[in-house]
Amino acid sequence: MFIGHWAPALVAATHKDAPPLPVIFVAAQLVDWAFFLLLIFGVEAMRVTPGISVMNPMDLYHMPYTHSLLGSFGFASVFGLLVFASNRNRQTAIIAGLVVLSHWFLDLLVHIPDLTLAGAEPKMGIGLWNHPAIEMPLELALTFGALGFFALKKKPGRVPLLALAVTLLAFQSINWFGPVESEVTIGTSVLAFVAFGLVTLVAWWMARTSSS
């Protein structure tokens with residue numbers, strides 16, 4: 001799951017009390033922002049293990065803080081509190097927190113068992129990464145169905161809407177079909193930050209042209 005994580009953000013953004021679209025785009029990938037940061041400092045870890053799943057060679061063997069349900073709930077709570085502190089709207093804060101939390105449940109669909117409830121065994125994951133004929137159309141349907149829903153509700157400008165659609169599809173194509181790294185380096189995290197940041201920037205542009 002990559003671009004599919006932004007589907008809940010696009011749907012939530014149509015609510016009258018939703019945070020700004022760029023804010024919930026960050027929320028949707030917040031635990032991955034945190035994971036790739038912790039990866040740099042060795043707090044969490046992954047390694048390249050070809051064949052560990054059909055679609056993803058990354059062995060995500062140590063993610064107790066970002067990809068446990070308890071950890072995700074913690075990130076969701078802190079992010080929701082920050083949003084509440086900025087606007088004093090409880091509904092807005094709840095929406096932001098739920099978008100953060102949605103990340104874990106979407107990952108549960110595709111990950112092989114490497115997610116946890118509280119950072120320790122048992123490890124969980126339905127494993128759709130081993131079934132690309134299911135995972136790929138599912139992720140595209142989630143993402144572009146949500147983008148279509150947003151477009152119907154918020155009527156953004158056509159050019160930024162198309163730009164976001166193309167950006168999402170381009171990054172997902174690279175994720176699926178691009179070259180596979182031979183090892184995990186700092187560049188792995190930097191590449192993730194660039195991808196998350198560019199998608200959020202285009203979402204901000206689209207939000208500027210959307211109806212209130």
# chains A, B, ... in the order shown; residues from 1 in each chain; ligands from 1
call {"tool": "residues_around", "arguments": {"residues": "region 123-133 of chain A", "least_positions_apart": "5", "cutoff": "12 Å", "atoms": "only C-alpha atoms", "output": "VMD selection string"}}
result
chain A and resid 1 to 2 51 to 58 60 to 64 67 to 69 104 to 118 138 to 140 176
call {"tool": "write_last_selection", "arguments": {"atoms": "N, CA and C atoms", "output": "JSON list (two decimals), in the first residue's frame"}}
result
[["chain", "number", "residue", "atom", "x", "y", "z"],
["A", 1, "MET", "N", 0.85, -1.19, 0.00],
["A", 1, "MET", "CA", 0.00, 0.00, 0.00],
["A", 1, "MET", "C", 0.89, 1.24, 0.00],
["A", 2, "PHE", "N", 0.68, 2.08, -1.02],
["A", 2, "PHE", "CA", 1.45, 3.34, -1.12],
["A", 2, "PHE", "C", 0.46, 4.48, -1.36],
["A", 51, "GLY", "N", 12.20, -11.92, -2.71],
["A", 51, "GLY", "CA", 11.31, -13.06, -2.61],
["A", 51, "GLY", "C", 10.52, -13.15, -1.33],
["A", 52, "ILE", "N", 10.73, -12.20, -0.40],
["A", 52, "ILE", "CA", 9.98, -12.28, 0.85],
["A", 52, "ILE", "C", 8.48, -12.10, 0.60],
["A", 53, "SER", "N", 8.14, -11.34, -0.44],
["A", 53, "SER", "CA", 6.78, -11.31, -0.96],
["A", 53, "SER", "C", 6.88, -11.07, -2.46],
["A", 54, "VAL", "N", 5.81, -11.32, -3.16],
["A", 54, "VAL", "CA", 5.84, -11.21, -4.61],
["A", 54, "VAL", "C", 6.07, -9.77, -5.06],
["A", 55, "MET", "N", 5.46, -8.81, -4.37],
["A", 55, "MET", "CA", 5.49, -7.43, -4.82],
["A", 55, "MET", "C", 6.50, -6.55, -4.11],
["A", 56, "ASN", "N", 6.94, -6.93, -2.93],
["A", 56, "ASN", "CA", 7.79, -6.04, -2.13],
["A", 56, "ASN", "C", 8.94, -6.83, -1.53],
["A", 57, "PRO", "N", 10.19, -6.51, -1.92],
["A", 57, "PRO", "CA", 11.34, -7.24, -1.39],
["A", 57, "PRO", "C", 11.82, -6.74, -0.03],
["A", 58, "MET", "N", 11.14, -5.74, 0.52],
["A", 58, "MET", "CA", 11.58, -5.17, 1.78],
["A", 58, "MET", "C", 11.07, -6.00, 2.96],
["A", 60, "LEU", "N", 10.33, -5.87, 6.49],
["A", 60, "LEU", "CA", 10.05, -4.85, 7.51],
["A", 60, "LEU", "C", 10.00, -5.54, 8.88],
["A", 61, "TYR", "N", 11.18, -5.93, 9.35],
["A", 61, "TYR", "CA", 11.23, -6.85, 10.48],
["A", 61, "TYR", "C", 11.22, -6.17, 11.85],
["A", 62, "HIS", "N", 11.41, -4.83, 11.88],
["A", 62, "HIS", "CA", 11.45, -4.17, 13.20],
["A", 62, "HIS", "C", 10.81, -2.79, 13.09],
["A", 63, "MET", "N", 9.51, -2.74, 13.40],
["A", 63, "MET", "CA", 8.75, -1.48, 13.34],
["A", 63, "MET", "C", 7.82, -1.37, 14.55],
["A", 64, "PRO", "N", 8.35, -1.51, 15.77],
["A", 64, "PRO", "CA", 7.48, -1.59, 16.95],
["A", 64, "PRO", "C", 6.75, -0.30, 17.29],
["A", 67, "HIS", "N", 4.50, 0.99, 13.30],
["A", 67, "HIS", "CA", 3.58, 0.08, 12.64],
["A", 67, "HIS", "C", 2.97, -0.96, 13.58],
["A", 68, "SER", "N", 2.89, -0.61, 14.84],
["A", 68, "SER", "CA", 2.03, -1.35, 15.76],
["A", 68, "SER", "C", 0.72, -0.58, 15.86],
["A", 69, "LEU", "N", -0.36, -1.27, 16.17],
["A", 69, "LEU", "CA", -1.64, -0.59, 16.32],
["A", 69, "LEU", "C", -1.58, 0.41, 17.47],
["A", 104, "TRP", "N", -2.60, 2.07, 9.45],
["A", 104, "TRP", "CA", -2.32, 0.73, 9.96],
["A", 104, "TRP", "C", -3.29, -0.29, 9.36],
["A", 105, "PHE", "N", -4.56, 0.07, 9.26],
["A", 105, "PHE", "CA", -5.56, -0.88, 8.77],
["A", 105, "PHE", "C", -5.41, -1.13, 7.27],
["A", 106, "LEU", "N", -5.00, -0.12, 6.51],
["A", 106, "LEU", "CA", -4.73, -0.34, 5.09],
["A", 106, "LEU", "C", -3.48, -1.20, 4.92],
["A", 107, "ASP", "N", -2.46, -0.96, 5.74],
["A", 107, "ASP", "CA", -1.27, -1.80, 5.68],
["A", 107, "ASP", "C", -1.60, -3.25, 6.03],
["A", 108, "LEU", "N", -2.51, -3.46, 6.94],
["A", 108, "LEU", "CA", -2.89, -4.81, 7.34],
["A", 108, "LEU", "C", -3.37, -5.63, 6.14],
["A", 109, "LEU", "N", -4.00, -4.98, 5.18],
["A", 109, "LEU", "CA", -4.49, -5.69, 4.01],
["A", 109, "LEU", "C", -3.35, -6.25, 3.16],
["A", 110, "VAL", "N", -2.28, -5.50, 2.99],
["A", 110, "VAL", "CA", -1.27, -5.86, 2.00],
["A", 110, "VAL", "C", 0.00, -6.47, 2.59],
["A", 111, "HIS", "N", 0.36, -6.08, 3.80],
["A", 111, "HIS", "CA", 1.61, -6.57, 4.39],
["A", 111, "HIS", "C", 1.55, -8.07, 4.64],
["A", 112, "ILE", "N", 2.70, -8.73, 4.45],
["A", 112, "ILE", "CA", 2.86, -10.05, 5.02],
["A", 112, "ILE", "C", 2.98, -9.85, 6.54],
["A", 113, "PRO", "N", 2.89, -10.87, 7.35],
["A", 113, "PRO", "CA", 2.88, -10.64, 8.80],
["A", 113, "PRO", "C", 4.13, -9.95, 9.33],
["A", 114, "ASP", "N", 4.02, -8.63, 9.50],
["A", 114, "ASP", "CA", 5.10, -7.84, 10.09],
["A", 114, "ASP", "C", 4.54, -6.69, 10.93],
["A", 115, "LEU", "N", 3.23, -6.57, 10.98],
["A", 115, "LEU", "CA", 2.58, -5.57, 11.82],
["A", 115, "LEU", "C", 2.25, -6.19, 13.18],
["A", 116, "THR", "N", 2.21, -5.36, 14.19],
["A", 116, "THR", "CA", 1.90, -5.87, 15.53],
["A", 116, "THR", "C", 0.81, -5.03, 16.18],
["A", 117, "LEU", "N", 0.28, -5.57, 17.26],
["A", 117, "LEU", "CA", -0.70, -4.81, 18.05],
["A", 117, "LEU", "C", -0.01, -3.83, 18.98],
["A", 118, "ALA", "N", 1.10, -4.27, 19.59],
["A", 118, "ALA", "CA", 1.77, -3.41, 20.56],
["A", 118, "ALA", "C", 3.30, -3.53, 20.50],
["A", 138, "LEU", "N", -7.01, -3.11, -6.53],
["A", 138, "LEU", "CA", -7.61, -2.62, -5.29],
["A", 138, "LEU", "C", -7.03, -1.27, -4.92],
["A", 139, "GLU", "N", -5.71, -1.13, -4.99],
["A", 139, "GLU", "CA", -5.08, 0.13, -4.61],
["A", 139, "GLU", "C", -5.46, 1.25, -5.58],
["A", 140, "LEU", "N", -5.49, 0.94, -6.87],
["A", 140, "LEU", "CA", -5.90, 1.95, -7.85],
["A", 140, "LEU", "C", -7.36, 2.35, -7.65],
["A", 176, "TRP", "N", 5.89, 0.04, -8.14],
["A", 176, "TRP", "CA", 5.62, -1.31, -8.61],
["A", 176, "TRP", "C", 6.66, -1.84, -9.58]]
call {"tool": "closest_residue", "arguments": {"among": "A:Arg47, A:Val31, A:Thr209, A:Phe36", "to": "Phe73 (chain A)", "atoms": "only C-alpha atoms"}}
result
A:Val31
call {"tool": "closest_residue", "arguments": {"among": "A:Val190, A:Leu142, A:Leu10, A:Leu168", "to": "Phe35 (chain A)", "atoms": "only C-alpha atoms"}}
result
A:Val190
call {"tool": "atom_distance", "arguments": {"atom1": "CA of Gly148 (chain A)", "atom2": "CA of Leu30 (chain A)"}}
result
23.2 Å
call {"tool": "atom_distance", "arguments": {"atom1": "CA of Pro122 (chain A)", "atom2": "CA of Trp6 (chain A)"}}
result
27.4 Å
call {"tool": "closest_residue", "arguments": {"among": "A:Thr66, A:Ser102, A:Thr49, A:Ser211", "to": "Lys153 (chain A)", "atoms": "only C-alpha atoms"}}
result
A:Ser211
call {"tool": "residues_around", "arguments": {"residues": "Ala146 (chain A)", "least_positions_apart": "2", "cutoff": "6 Å", "atoms": "only C-alpha atoms", "output": "JSON, numbers by chain"}}
result
{"A": [7, 10, 11, 143, 144, 148, 149]}
call {"tool": "atom_distance", "arguments": {"atom1": "CA of Phe150 (chain A)", "atom2": "CA of Ala13 (chain A)"}}
result
7.4 Å
